[in-house]
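Have a look at upload35.tsv below; it lists TSV, N, CA, C and O atoms.
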chain	number	residue	atom	x	y	z
A	1071	MET	N	-13.35	4.09	-12.58
A	1071	MET	CA	-12.67	4.03	-11.30
A	1071	MET	C	-11.19	4.30	-11.47
A	1071	MET	O	-10.51	4.65	-10.55
A	1072	GLU	N	-10.69	4.15	-12.66
A	1072	GLU	CA	-9.27	4.31	-12.91
A	1072	GLU	C	-8.78	5.72	-12.60
A	1072	GLU	O	-7.70	5.90	-12.08
A	1073	ASP	N	-9.57	6.75	-12.92
A	1073	ASP	CA	-9.17	8.13	-12.70
A	1073	ASP	C	-9.58	8.66	-11.33
A	1073	ASP	O	-9.38	9.84	-11.04
A	1074	MET	N	-10.15	7.81	-10.48
A	1074	MET	CA	-10.64	8.27	-9.19
A	1074	MET	C	-9.49	8.73	-8.29
A	1074	MET	O	-9.62	9.71	-7.56
A	1075	PHE	N	-8.37	8.03	-8.32
A	1075	PHE	CA	-7.26	8.35	-7.44
A	1075	PHE	C	-6.13	9.01	-8.24
A	1075	PHE	O	-5.33	8.35	-8.86
A	1076	LYS	N	-6.08	10.31	-8.23
A	1076	LYS	CA	-5.00	11.06	-8.86
A	1076	LYS	C	-4.38	11.95	-7.79
A	1076	LYS	O	-5.01	12.89	-7.32
A	1077	THR	N	-3.15	11.62	-7.39
A	1077	THR	CA	-2.50	12.35	-6.30
A	1077	THR	C	-1.44	13.31	-6.80
A	1077	THR	O	-1.01	14.16	-6.04
A	1078	GLY	N	-0.99	13.14	-8.02
A	1078	GLY	CA	0.12	13.93	-8.52
A	1078	GLY	C	1.45	13.21	-8.37
A	1078	GLY	O	2.46	13.63	-8.92
A	1079	SER	N	1.45	12.11	-7.62
A	1079	SER	CA	2.65	11.30	-7.46
A	1079	SER	C	2.46	10.00	-8.24
A	1079	SER	O	1.56	9.21	-7.92
A	1080	PRO	N	3.31	9.76	-9.25
A	1080	PRO	CA	3.14	8.53	-10.04
A	1080	PRO	C	3.22	7.25	-9.19
A	1080	PRO	O	2.48	6.31	-9.42
A	1081	ALA	N	4.11	7.24	-8.18
A	1081	ALA	CA	4.25	6.04	-7.35
A	1081	ALA	C	2.99	5.78	-6.54
A	1081	ALA	O	2.51	4.64	-6.46
A	1082	VAL	N	2.43	6.82	-5.95
A	1082	VAL	CA	1.21	6.65	-5.16
A	1082	VAL	C	0.04	6.30	-6.06
A	1082	VAL	O	-0.80	5.47	-5.70
A	1083	ASP	N	-0.04	6.89	-7.25
A	1083	ASP	CA	-1.11	6.56	-8.19
A	1083	ASP	C	-1.04	5.08	-8.59
A	1083	ASP	O	-2.07	4.42	-8.70
A	1084	LYS	N	0.16	4.55	-8.80
A	1084	LYS	CA	0.30	3.13	-9.14
A	1084	LYS	C	-0.15	2.24	-7.99
A	1084	LYS	O	-0.75	1.20	-8.19
A	1085	MET	N	0.14	2.68	-6.75
A	1085	MET	CA	-0.25	1.89	-5.58
A	1085	MET	C	-1.77	1.82	-5.44
A	1085	MET	O	-2.29	0.88	-4.84
A	1086	SER	N	-2.48	2.81	-5.98
A	1086	SER	CA	-3.94	2.80	-5.86
A	1086	SER	C	-4.56	1.64	-6.63
A	1086	SER	O	-5.69	1.27	-6.36
A	1087	HIS	N	-3.82	1.05	-7.55
A	1087	HIS	CA	-4.33	-0.07	-8.32
A	1087	HIS	C	-4.04	-1.41	-7.67
A	1087	HIS	O	-4.57	-2.43	-8.10
A	1088	LEU	N	-3.24	-1.44	-6.61
A	1088	LEU	CA	-2.99	-2.67	-5.87
A	1088	LEU	C	-4.19	-2.99	-5.02
A	1088	LEU	O	-4.80	-2.11	-4.42
A	1089	ARG	N	-4.55	-4.24	-4.94
A	1089	ARG	CA	-5.68	-4.65	-4.13
A	1089	ARG	C	-5.16	-5.33	-2.86
A	1089	ARG	O	-5.23	-6.53	-2.71
A	1090	ILE	N	-4.63	-4.53	-1.95
A	1090	ILE	CA	-4.10	-5.02	-0.68
A	1090	ILE	C	-4.99	-4.47	0.42
A	1090	ILE	O	-5.27	-3.29	0.46
A	1091	THR	N	-5.41	-5.33	1.34
A	1091	THR	CA	-6.21	-4.89	2.47
A	1091	THR	C	-5.44	-5.14	3.76
A	1091	THR	O	-4.84	-6.19	3.93
A	1092	GLY	N	-5.43	-4.16	4.64
A	1092	GLY	CA	-4.70	-4.30	5.89
A	1092	GLY	C	-3.21	-4.18	5.68
A	1092	GLY	O	-2.72	-3.87	4.59
A	1093	ASN	N	-2.47	-4.39	6.74
A	1093	ASN	CA	-1.01	-4.35	6.68
A	1093	ASN	C	-0.52	-5.76	6.37
A	1093	ASN	O	-0.25	-6.55	7.28
A	1094	ILE	N	-0.41	-6.07	5.09
A	1094	ILE	CA	-0.09	-7.43	4.65
A	1094	ILE	C	1.31	-7.47	4.06
A	1094	ILE	O	1.71	-6.57	3.33
A	1095	ILE	N	2.05	-8.52	4.40
A	1095	ILE	CA	3.40	-8.71	3.85
A	1095	ILE	C	3.33	-9.84	2.82
A	1095	ILE	O	3.09	-10.99	3.18
A	1096	PRO	N	3.54	-9.52	1.54
A	1096	PRO	CA	3.54	-10.58	0.52
A	1096	PRO	C	4.69	-11.57	0.75
A	1096	PRO	O	5.81	-11.17	1.10
A	1097	MET	N	4.42	-12.83	0.57
A	1097	MET	CA	5.44	-13.87	0.78
A	1097	MET	C	6.65	-13.67	-0.14
A	1097	MET	O	7.76	-14.02	0.23
A	1098	SER	N	6.44	-13.09	-1.31
A	1098	SER	CA	7.54	-12.89	-2.25
A	1098	SER	C	8.62	-11.96	-1.68
A	1098	SER	O	9.78	-12.04	-2.07
A	1099	TRP	N	8.23	-11.06	-0.75
A	1099	TRP	CA	9.22	-10.16	-0.16
A	1099	TRP	C	10.27	-10.92	0.64
A	1099	TRP	O	11.41	-10.49	0.74
A	1100	PHE	N	9.89	-12.05	1.24
A	1100	PHE	CA	10.84	-12.84	2.02
A	1100	PHE	C	11.88	-13.51	1.14
A	1100	PHE	O	12.95	-13.90	1.61
A	1101	GLN	N	11.60	-13.65	-0.15
A	1101	GLN	CA	12.56	-14.24	-1.09
A	1101	GLN	C	13.32	-13.16	-1.84
A	1101	GLN	O	14.35	-13.45	-2.45
A	1102	THR	N	12.82	-11.92	-1.80
A	1102	THR	CA	13.40	-10.83	-2.58
A	1102	THR	C	14.26	-9.89	-1.73
A	1102	THR	O	15.33	-9.47	-2.16
A	1103	ILE	N	13.79	-9.56	-0.54
A	1103	ILE	CA	14.48	-8.59	0.32
A	1103	ILE	C	15.35	-9.37	1.30
A	1103	ILE	O	14.88	-9.86	2.33
A	1104	LEU	N	16.61	-9.50	0.93
A	1104	LEU	CA	17.52	-10.37	1.67
A	1104	LEU	C	18.72	-9.60	2.24
A	1104	LEU	O	19.13	-8.59	1.69
A	1105	LYS	N	19.29	-10.16	3.31
A	1105	LYS	CA	20.55	-9.66	3.84
A	1105	LYS	C	21.69	-10.22	2.99
A	1105	LYS	O	21.48	-11.08	2.13
A	1106	ALA	N	22.89	-9.77	3.26
A	1106	ALA	CA	24.06	-10.27	2.52
A	1106	ALA	C	24.26	-11.76	2.76
A	1106	ALA	O	24.83	-12.46	1.92
A	1107	THR	N	23.75	-12.28	3.88
A	1107	THR	CA	23.88	-13.70	4.21
A	1107	THR	C	22.89	-14.57	3.45
A	1107	THR	O	22.96	-15.79	3.50
A	1108	GLY	N	21.91	-13.93	2.77
A	1108	GLY	CA	20.90	-14.67	2.03
A	1108	GLY	C	19.62	-14.90	2.82
A	1108	GLY	O	18.66	-15.46	2.30
A	1109	LYS	N	19.61	-14.46	4.07
A	1109	LYS	CA	18.41	-14.61	4.90
A	1109	LYS	C	17.51	-13.39	4.71
A	1109	LYS	O	17.99	-12.30	4.41
A	1110	PRO	N	16.20	-13.55	4.90
A	1110	PRO	CA	15.29	-12.41	4.75
A	1110	PRO	C	15.63	-11.28	5.73
A	1110	PRO	O	15.95	-11.54	6.89
A	1111	ASN	N	15.58	-10.05	5.25
A	1111	ASN	CA	15.84	-8.89	6.10
A	1111	ASN	C	14.50	-8.46	6.70
A	1111	ASN	O	13.77	-7.65	6.13
A	1112	LEU	N	14.16	-9.03	7.86
A	1112	LEU	CA	12.86	-8.83	8.48
A	1112	LEU	C	12.59	-7.36	8.80
A	1112	LEU	O	11.47	-6.88	8.61
A	1113	ASN	N	13.60	-6.64	9.29
A	1113	ASN	CA	13.40	-5.22	9.59
A	1113	ASN	C	13.01	-4.44	8.34
A	1113	ASN	O	12.07	-3.64	8.37
A	1114	ALA	N	13.70	-4.66	7.25
A	1114	ALA	CA	13.39	-3.96	6.00
A	1114	ALA	C	12.01	-4.35	5.49
A	1114	ALA	O	11.26	-3.50	5.00
A	1115	ILE	N	11.64	-5.59	5.62
A	1115	ILE	CA	10.34	-6.07	5.15
A	1115	ILE	C	9.21	-5.42	5.95
A	1115	ILE	O	8.22	-4.95	5.38
A	1116	ILE	N	9.36	-5.35	7.27
A	1116	ILE	CA	8.33	-4.76	8.12
A	1116	ILE	C	8.20	-3.27	7.85
A	1116	ILE	O	7.09	-2.72	7.77
A	1117	ILE	N	9.33	-2.58	7.70
A	1117	ILE	CA	9.30	-1.14	7.41
A	1117	ILE	C	8.62	-0.89	6.06
A	1117	ILE	O	7.78	0.01	5.93
A	1118	LEU	N	8.96	-1.68	5.05
A	1118	LEU	CA	8.33	-1.53	3.74
A	1118	LEU	C	6.83	-1.78	3.81
A	1118	LEU	O	6.04	-1.04	3.22
A	1119	ALA	N	6.40	-2.79	4.57
A	1119	ALA	CA	4.97	-3.08	4.71
A	1119	ALA	C	4.25	-1.89	5.35
A	1119	ALA	O	3.14	-1.54	4.93
A	1120	ASP	N	4.87	-1.26	6.34
A	1120	ASP	CA	4.26	-0.08	6.97
A	1120	ASP	C	4.16	1.08	5.98
A	1120	ASP	O	3.14	1.75	5.92
A	1121	ILE	N	5.21	1.31	5.21
A	1121	ILE	CA	5.20	2.41	4.23
A	1121	ILE	C	4.11	2.17	3.19
A	1121	ILE	O	3.37	3.09	2.84
A	1122	VAL	N	4.01	0.95	2.69
A	1122	VAL	CA	2.98	0.64	1.70
A	1122	VAL	C	1.59	0.87	2.30
A	1122	VAL	O	0.71	1.42	1.65
A	1123	TYR	N	1.40	0.49	3.56
A	1123	TYR	CA	0.11	0.68	4.23
A	1123	TYR	C	-0.21	2.17	4.40
A	1123	TYR	O	-1.32	2.60	4.15
A	1124	TRP	N	0.79	2.96	4.81
A	1124	TRP	CA	0.56	4.39	5.06
A	1124	TRP	C	0.21	5.15	3.80
A	1124	TRP	O	-0.56	6.10	3.84
A	1125	TYR	N	0.80	4.79	2.67
A	1125	TYR	CA	0.63	5.57	1.44
A	1125	TYR	C	-0.43	5.02	0.51
A	1125	TYR	O	-0.56	5.49	-0.61
A	1126	ARG	N	-1.19	4.05	0.96
A	1126	ARG	CA	-2.28	3.55	0.16
A	1126	ARG	C	-3.40	4.58	0.14
A	1126	ARG	O	-3.75	5.13	1.18
A	1127	PRO	N	-3.98	4.87	-1.01
A	1127	PRO	CA	-5.08	5.82	-1.05
A	1127	PRO	C	-6.32	5.24	-0.36
A	1127	PRO	O	-6.51	4.03	-0.33
A	1128	VAL	N	-7.12	6.12	0.19
A	1128	VAL	CA	-8.36	5.70	0.85
A	1128	VAL	C	-9.53	6.44	0.23
A	1128	VAL	O	-9.37	7.52	-0.34
A	1129	GLU	N	-10.69	5.86	0.35
A	1129	GLU	CA	-11.90	6.51	-0.12
A	1129	GLU	C	-12.38	7.48	0.96
A	1129	GLU	O	-12.40	7.14	2.13
A	1130	VAL	N	-12.75	8.69	0.56
A	1130	VAL	CA	-13.32	9.68	1.47
A	1130	VAL	C	-14.80	9.82	1.09
A	1130	VAL	O	-15.12	10.14	-0.05
A	1131	ARG	N	-15.67	9.59	2.07
A	1131	ARG	CA	-17.11	9.63	1.80
A	1131	ARG	C	-17.77	10.72	2.64
A	1131	ARG	O	-17.35	11.01	3.74
A	1132	ASP	N	-18.80	11.32	2.07
A	1132	ASP	CA	-19.62	12.30	2.79
A	1132	ASP	C	-20.36	11.56	3.91
A	1132	ASP	O	-20.99	10.54	3.67
A	1133	GLU	N	-20.25	12.05	5.14
A	1133	GLU	CA	-20.87	11.36	6.27
A	1133	GLU	C	-22.39	11.37	6.20
A	1133	GLU	O	-23.03	10.43	6.70
A	1134	MET	N	-22.96	12.35	5.62
A	1134	MET	CA	-24.43	12.46	5.55
A	1134	MET	C	-25.02	11.58	4.43
A	1134	MET	O	-26.00	10.88	4.66
A	1135	THR	N	-24.40	11.61	3.25
A	1135	THR	CA	-24.99	10.90	2.11
A	1135	THR	C	-24.29	9.58	1.80
A	1135	THR	O	-24.86	8.73	1.13
A	1136	GLY	N	-23.07	9.43	2.27
A	1136	GLY	CA	-22.30	8.23	1.94
A	1136	GLY	C	-21.71	8.27	0.55
A	1136	GLY	O	-21.08	7.34	0.09
A	1137	GLN	N	-21.86	9.42	-0.13
A	1137	GLN	CA	-21.36	9.57	-1.50
A	1137	GLN	C	-19.83	9.72	-1.48
A	1137	GLN	O	-19.27	10.39	-0.61
A	1138	LEU	N	-19.19	9.11	-2.44
A	1138	LEU	CA	-17.73	9.18	-2.57
A	1138	LEU	C	-17.34	10.59	-3.01
A	1138	LEU	O	-17.82	11.08	-4.03
A	1139	ILE	N	-16.47	11.26	-2.22
A	1139	ILE	CA	-16.06	12.62	-2.57
A	1139	ILE	C	-14.56	12.73	-2.83
A	1139	ILE	O	-14.07	13.76	-3.24
A	1140	GLY	N	-13.82	11.66	-2.60
A	1140	GLY	CA	-12.38	11.74	-2.86
A	1140	GLY	C	-11.69	10.44	-2.61
A	1140	GLY	O	-12.22	9.50	-2.11
This entry written out as C-alpha coordinates:
Amino acid sequence: MEDMFKTGSPAVDKMSHLRITGNIIPMSWFQTILKATGKPNLNAIIILADIVYWYRPVEVRDEMTGQLIG
(Lines of atoms letter the chains of each structure in order from A and count residues from 1; the text may use other names and numbers.)
(Lines give C-alpha, C1' and ligand atoms only; values in the text may rest on other atoms or scores of the structure.)
Protein backbone atom coordinates (compact mmCIF):
# COMPACT_ATOMS: atom_id res chain seq x y z
CA MET A 1 0.00 0.00 0.00
CA GLU A 2 2.98 2.26 0.48
CA ASP A 3 3.56 2.77 -3.27
CA MET A 4 -0.15 3.12 -4.09
CA PHE A 5 -0.15 6.92 -3.85
CA LYS A 6 2.60 8.48 -5.96
CA THR A 7 1.72 11.97 -7.15
CA GLY A 8 5.13 13.38 -8.00
CA SER A 9 4.84 15.89 -5.15
CA PRO A 10 6.80 14.88 -2.03
CA ALA A 11 4.47 16.91 0.24
CA VAL A 12 1.31 15.30 -1.13
CA ASP A 13 2.91 11.84 -1.02
CA LYS A 14 3.73 12.35 2.68
CA MET A 15 0.14 13.42 3.35
CA SER A 16 -1.10 10.13 1.91
CA HIS A 17 0.35 8.39 4.97
CA LEU A 18 -1.68 10.50 7.42
CA ARG A 19 -4.78 8.78 8.71
CA ILE A 20 -7.16 11.75 8.88
CA THR A 21 -10.84 11.38 8.00
CA GLY A 22 -13.05 14.35 7.23
CA ASN A 23 -12.10 17.96 7.77
CA ILE A 24 -10.49 17.57 11.19
CA ILE A 25 -8.47 20.16 13.11
CA PRO A 26 -5.85 18.57 15.39
CA MET A 27 -5.84 20.10 18.88
CA SER A 28 -2.07 20.62 18.64
CA TRP A 29 -2.63 23.29 15.96
CA PHE A 30 -4.33 25.52 18.57
CA GLN A 31 -1.10 25.46 20.61
CA THR A 32 1.22 25.80 17.61
CA ILE A 33 -0.42 28.28 15.21
CA LEU A 34 -0.57 31.45 17.27
CA LYS A 35 -0.99 35.19 16.78
CA ALA A 36 1.62 37.60 18.11
CA THR A 37 -0.58 37.95 21.22
CA GLY A 38 -0.19 34.23 21.97
CA LYS A 39 -3.80 33.38 21.14
CA PRO A 40 -4.64 30.75 18.51
CA ASN A 41 -4.92 32.15 14.98
CA LEU A 42 -8.32 30.64 14.15
CA ASN A 43 -8.38 31.94 10.56
CA ALA A 44 -5.00 30.36 9.78
CA ILE A 45 -6.01 27.10 11.47
CA ILE A 46 -9.27 26.82 9.49
CA ILE A 47 -7.54 27.65 6.19
CA LEU A 48 -4.83 25.05 6.88
CA ALA A 49 -7.47 22.41 7.73
CA ASP A 50 -9.20 23.09 4.40
CA ILE A 51 -5.92 22.85 2.47
CA VAL A 52 -5.03 19.56 4.16
CA TYR A 53 -8.51 18.22 3.34
CA TRP A 54 -8.35 19.32 -0.32
CA TYR A 55 -4.93 17.78 -1.01
CA ARG A 56 -5.48 14.45 0.67
CA PRO A 57 -5.25 11.61 -1.85
CA VAL A 58 -8.40 9.61 -2.49
CA GLU A 59 -8.97 6.10 -3.73
CA VAL A 60 -10.41 5.85 -7.26
CA ARG A 61 -12.39 2.67 -7.86
CA ASP A 62 -13.88 1.14 -11.00
CA GLU A 63 -17.66 1.59 -10.73
CA MET A 64 -18.42 -1.80 -12.28
CA THR A 65 -15.95 -4.02 -10.40
CA GLY A 66 -15.10 -1.96 -7.34
CA GLN A 67 -11.42 -2.61 -8.06
CA LEU A 68 -8.94 0.04 -6.97
CA ILE A 69 -7.54 1.80 -10.06
CA GLY A 70 -5.81 4.83 -8.57
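Distances here use only N, CA, C and O atoms; by that measure, the residue among A:Gln1137, A:Ile1095, A:Pro1127, A:Gln1101 closest to A:Asp1083 is A:Pro1127.
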Residue set, chain A restricted to strand (DSSP E or B), as a count of residues only: 4
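Atom pair atom C of A:Ile1103 / atom N of A:Ile1117 has a distance of 11.1 Å (rounded to one decimal).
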Length of the atom CA of A:Asn1111 to atom CA of A:Val1082 vector [Å]: 24.1 Å
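Taking atom CA of A:Ile1139 and atom CA of A:Ser1079 as the two end points, the separation is 19.4 Å.
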Test item, helix (DSSP H, G or I) assignment across chain A, answer as a PyMOL selection string: chain A and resi 1080-1085+1098-1102+1112-1124
Surrounding residues of A:Arg1126 excluding itself and chain neighbours under 2 positions, 7 Å, all atoms listed in the file, as a ChimeraX atom specification: /A:1082,1085-1086,1120-1124,1128
Atoms kept (N, CA, C and O atoms) for selection, written as a CSV table (one decimal), in the frame of the given file:
chain,number,residue,atom,x,y,z
A,1082,VAL,N,2.4,6.8,-6.0
A,1082,VAL,CA,1.2,6.6,-5.2
A,1082,VAL,C,0.0,6.3,-6.1
A,1082,VAL,O,-0.8,5.5,-5.7
A,1085,MET,N,0.1,2.7,-6.8
A,1085,MET,CA,-0.2,1.9,-5.6
A,1085,MET,C,-1.8,1.8,-5.4
A,1085,MET,O,-2.3,0.9,-4.8
A,1086,SER,N,-2.5,2.8,-6.0
A,1086,SER,CA,-3.9,2.8,-5.9
A,1086,SER,C,-4.6,1.6,-6.6
A,1086,SER,O,-5.7,1.3,-6.4
A,1120,ASP,N,4.9,-1.3,6.3
A,1120,ASP,CA,4.3,-0.1,7.0
A,1120,ASP,C,4.2,1.1,6.0
A,1120,ASP,O,3.1,1.8,5.9
A,1121,ILE,N,5.2,1.3,5.2
A,1121,ILE,CA,5.2,2.4,4.2
A,1121,ILE,C,4.1,2.2,3.2
A,1121,ILE,O,3.4,3.1,2.8
A,1122,VAL,N,4.0,1.0,2.7
A,1122,VAL,CA,3.0,0.6,1.7
A,1122,VAL,C,1.6,0.9,2.3
A,1122,VAL,O,0.7,1.4,1.6
A,1123,TYR,N,1.4,0.5,3.6
A,1123,TYR,CA,0.1,0.7,4.2
A,1123,TYR,C,-0.2,2.2,4.4
A,1123,TYR,O,-1.3,2.6,4.2
A,1124,TRP,N,0.8,3.0,4.8
A,1124,TRP,CA,0.6,4.4,5.1
A,1124,TRP,C,0.2,5.2,3.8
A,1124,TRP,O,-0.6,6.1,3.8
A,1128,VAL,N,-7.1,6.1,0.2
A,1128,VAL,CA,-8.4,5.7,0.8
A,1128,VAL,C,-9.5,6.4,0.2
A,1128,VAL,O,-9.4,7.5,-0.3
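For the choices A:His1087, A:Glu1129, A:Ile1094, A:Met1134, the atom-to-atom distance to A:Ile1115 is smallest for A:Ile1094 when using only C-alpha atoms.
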